[in-house]
Amino acid sequence: MNEINAKIEAMAQSIMAGRSLFDHQRQACAALLSGRNVLLVAPMGSGKSLCYQLPAHLSKKPTLVVSPLIALMDDQAEKSRTLGLCSASLHSGINAAKQWWTISSWMAGKLRILYTSPERLNDERLRKCLRERHPGLVVIDEAHCISTWGSRFRPAYRSLSEVLKDFGKTPILAMTASAKPAVQADIVQTLNLHDPLSVIVPFTFANLSLSAALTRSVDDRLEFIRNLAVCEDRLPMVVFCVTKKQCDWVSSYLSQNRLRVITYHAGMTMSDRSNASAVFQQATRSILVATSAYEMGVDKSNIRTVVHFGLPSSLESYAQGIGRAGRDGTDAKAVLLYSEQDLDVLDAMAGPELDEGRLPCSKTSAAKEGYDFATTKTCRLSFLNAYFFPATHQRIRSVCGNCDNCHSCQRLAGSNPTQDLMFTAVAAALKNWRRTASRNLQQAAFRLLTDQEILRLSTARPQIAHDLDQLAGIRRSVSKNYGREILEVIRKNMGHHPT
């Protein structure tokens with residue numbers, strides 16, 4: 001092992017211009033070169049790609065990298081080539097001649113790294129080529145997609161174990177920036193990783209300020225983003241939206257305000273998306289407005305601001321998005337704009353809950369976790385680390401001192417005036433109603449009524465349906481489906497005091 005470590009350090013010095021490796025990079029490289037499987041969970045910008053690029057240099061064997069996004073494949077292939085590794089991508093965005101050249105280069109031993117998608121590995125012709133010329137290392141990039149996308153969107157991710165059987169005892173590196181313990185276990189089990197070395201690196205985000213803002217209308221959100229964008233130090237910026245319609249709202253509004261906007265979503269042609277990505281890479285003062293599916297595909301080091309235009313579909317998705325900001329080490333901001341109405345949007349996007357078997361990520365739990373993060377009064381970095389890395393968090397329990405909640409605690413010396421509202425008779429009664437209704441309807445409690453909505457109801461105490469419909473911050477689905485029952489609870493408890 002000492003000999004392997006010495007070779008790793010020498011190669012790192014050769015290709016990294018004198019920069020030192022991180023401990024997690026040394027551990028992962030050494031394990032892979034000794035033939036061991038590795039599960040690597042480390043933040044964005046922590047150099048995960050080097051954990052297979054260095055072994056590819058040292059072993060002289062070809063490496064197969066499975067990746068979910070075309071933009072991600074092409075970007076990583078380009079970066080590998082700058083390190084002296086002959087690399088190519090194989091996906092639907094390249095023509096037949098280039099695909100043939102890529103496969104021929106692999107078979108001839110000219111390619112050191114091949115990037116492709118899990119779906120492409122279902123092609124029997126490619127499978128045959130890979131069986132004839134085995135990779136010396138297989139990398140599953142963005143491995144959290146195995147659980148968070150699963151059989152709902154990318155079933156090929158969950159069938160990768162069948163492909164991996166073709167490669168015998170070839171070491172496998174499964175890596176991601178965002179995977180809670182249940183997802184980590186699911187990755188290991190789904191890929192059949194025997195005795196993997198788990199290398200887990202918590203989030204630090206030393207230069208990234210996290211915040212969330214309650215914005216109850218689209219106009220409020222658009223104005224919020226515009227005010228950020230006109231600040232001298234907030235560009236380049238990325239705005240992540242849940243839907244294409246939201247992308248169009250944001251792009252149109254910002255363009256009308258004479259800001260340079262680049263749009264990226266699945267409704268565009270492959271050529272237009274590639275062009276948008278290339279333009280944003282070169283631009284210095286621009287705003288990329290993209291659907292959240294592109295969160296993993298943005299790799300621009302000097303992004304100063306990331307905005308989420310609504311609650312994320314999951315904290316995994318959110319963590320991927322905010323990791324795009326400040327990768328050059330300069331101060332950056334990540335802002336989450338939200339309201340309870342976003343829960344209805346996520347419901348509509350996800351459709352009915354499917355039977356996902358043992359998948360550790362359901363749409364209901366994912367939406368609840370995102371909402372809890374948005375409304376938490378604790379340190380946001382601490383919240384994320386407790387969610388993704390509970391074992392490490394128990395030992396460290398550090399706060400960032402840089403998020404909106406840490407700043408609020410410093411200003412208010414720990415006071416929390418909203419707590420007084422939670423002990424009114426109306427709030428207590430609404431909580432009791434929610435508990436009973438959620439049990440009878442077999443729905444998650446927050447789907448019926450969130451804690452923030454209870455606060456607003458217990459403060460405003462609407463008496464009639466019209467007042468409830470007009471109350472800001474209450475979802476339309478709540479007033480429509482449960483309005484009569486909520487009003488009855490409020491009327492019955494007006495004037496009473498909790499004992």
# chains A, B, ... in the order shown; residues from 1 in each chain; ligands from 1
$ select_by_dssp --residues "region 48-94 of chain A" --states "strand (DSSP E)" --output "ChimeraX atom specification"
/A:63-66,87-90
$ write_last_selection --atoms "C-alpha atoms" --output "short mmCIF file (atom, residue, chain, number, x, y, z; two decimals), in the first residue's frame"
data_model
loop_
_atom_site.label_atom_id
_atom_site.label_comp_id
_atom_site.auth_asym_id
_atom_site.auth_seq_id
_atom_site.Cartn_x
_atom_site.Cartn_y
_atom_site.Cartn_z
CA THR A 63 -12.17 3.31 -17.46
CA LEU A 64 -15.93 3.29 -18.07
CA VAL A 65 -17.87 6.19 -16.52
CA VAL A 66 -21.67 5.99 -16.31
CA SER A 87 -11.48 10.47 -23.45
CA ALA A 88 -14.77 10.46 -25.36
CA SER A 89 -18.52 10.45 -24.77
CA LEU A 90 -21.04 8.04 -26.24
#
$ residues_around --residues "Lys7 (chain A)" --least-positions-apart "2" --cutoff "12 Å" --atoms "only C-alpha atoms" --output "number ranges by chain"
A: 1-5, 9-14, 26, 29-30, 33, 54-55, 57-59
$ closest_residue --among "A:Ala367, A:Ala278, A:Leu32, A:Cys406" --to "Glu340 (chain A)" --atoms "only C-alpha atoms"
A:Ala367
$ closest_residue --among "A:Ser34, A:Ser80, A:Gln184, A:Ser117" --to "Phe389 (chain A)" --atoms "only C-alpha atoms"
A:Gln184
$ atom_distance --atom1 "CA of Thr364 (chain A)" --atom2 "CA of Asp344 (chain A)"
11.3 Å
$ residues_around --residues "Cys231 (chain A)" --least-positions-apart "4" --cutoff "12 Å" --atoms "only C-alpha atoms" --output "tab-separated table (two decimals) with N, CA and C atoms, in the first residue's frame"
chain	number	residue	atom	x	y	z
A	224	PHE	N	-37.73	39.64	-6.58
A	224	PHE	CA	-36.62	39.25	-5.70
A	224	PHE	C	-35.38	38.89	-6.54
A	225	ILE	N	-35.59	38.09	-7.58
A	225	ILE	CA	-34.48	37.67	-8.42
A	225	ILE	C	-33.89	38.86	-9.18
A	226	ARG	N	-34.76	39.74	-9.68
A	226	ARG	CA	-34.26	40.92	-10.39
A	226	ARG	C	-33.40	41.78	-9.48
A	227	ASN	N	-33.84	41.99	-8.24
A	227	ASN	CA	-33.07	42.80	-7.30
A	227	ASN	C	-31.71	42.18	-7.00
A	235	LEU	N	-23.54	38.21	-10.20
A	235	LEU	CA	-23.48	37.49	-11.46
A	235	LEU	C	-22.10	36.89	-11.66
A	236	PRO	N	-22.02	35.75	-12.37
A	236	PRO	CA	-23.07	34.95	-13.01
A	236	PRO	C	-24.03	34.33	-11.98
A	237	MET	N	-25.26	34.08	-12.44
A	237	MET	CA	-26.32	33.54	-11.58
A	237	MET	C	-26.99	32.37	-12.28
A	259	LEU	N	-31.69	42.26	-18.74
A	259	LEU	CA	-30.64	41.39	-18.20
A	259	LEU	C	-30.37	40.27	-19.20
A	285	ARG	N	-21.31	37.90	-17.26
A	285	ARG	CA	-22.38	38.57	-16.53
A	285	ARG	C	-23.73	38.13	-17.09
A	304	ARG	N	-21.80	33.12	-8.85
A	304	ARG	CA	-21.89	33.88	-7.60
A	304	ARG	C	-23.20	33.65	-6.86
A	305	THR	N	-24.27	33.30	-7.60
A	305	THR	CA	-25.58	33.15	-6.97
A	305	THR	C	-26.34	31.98	-7.58
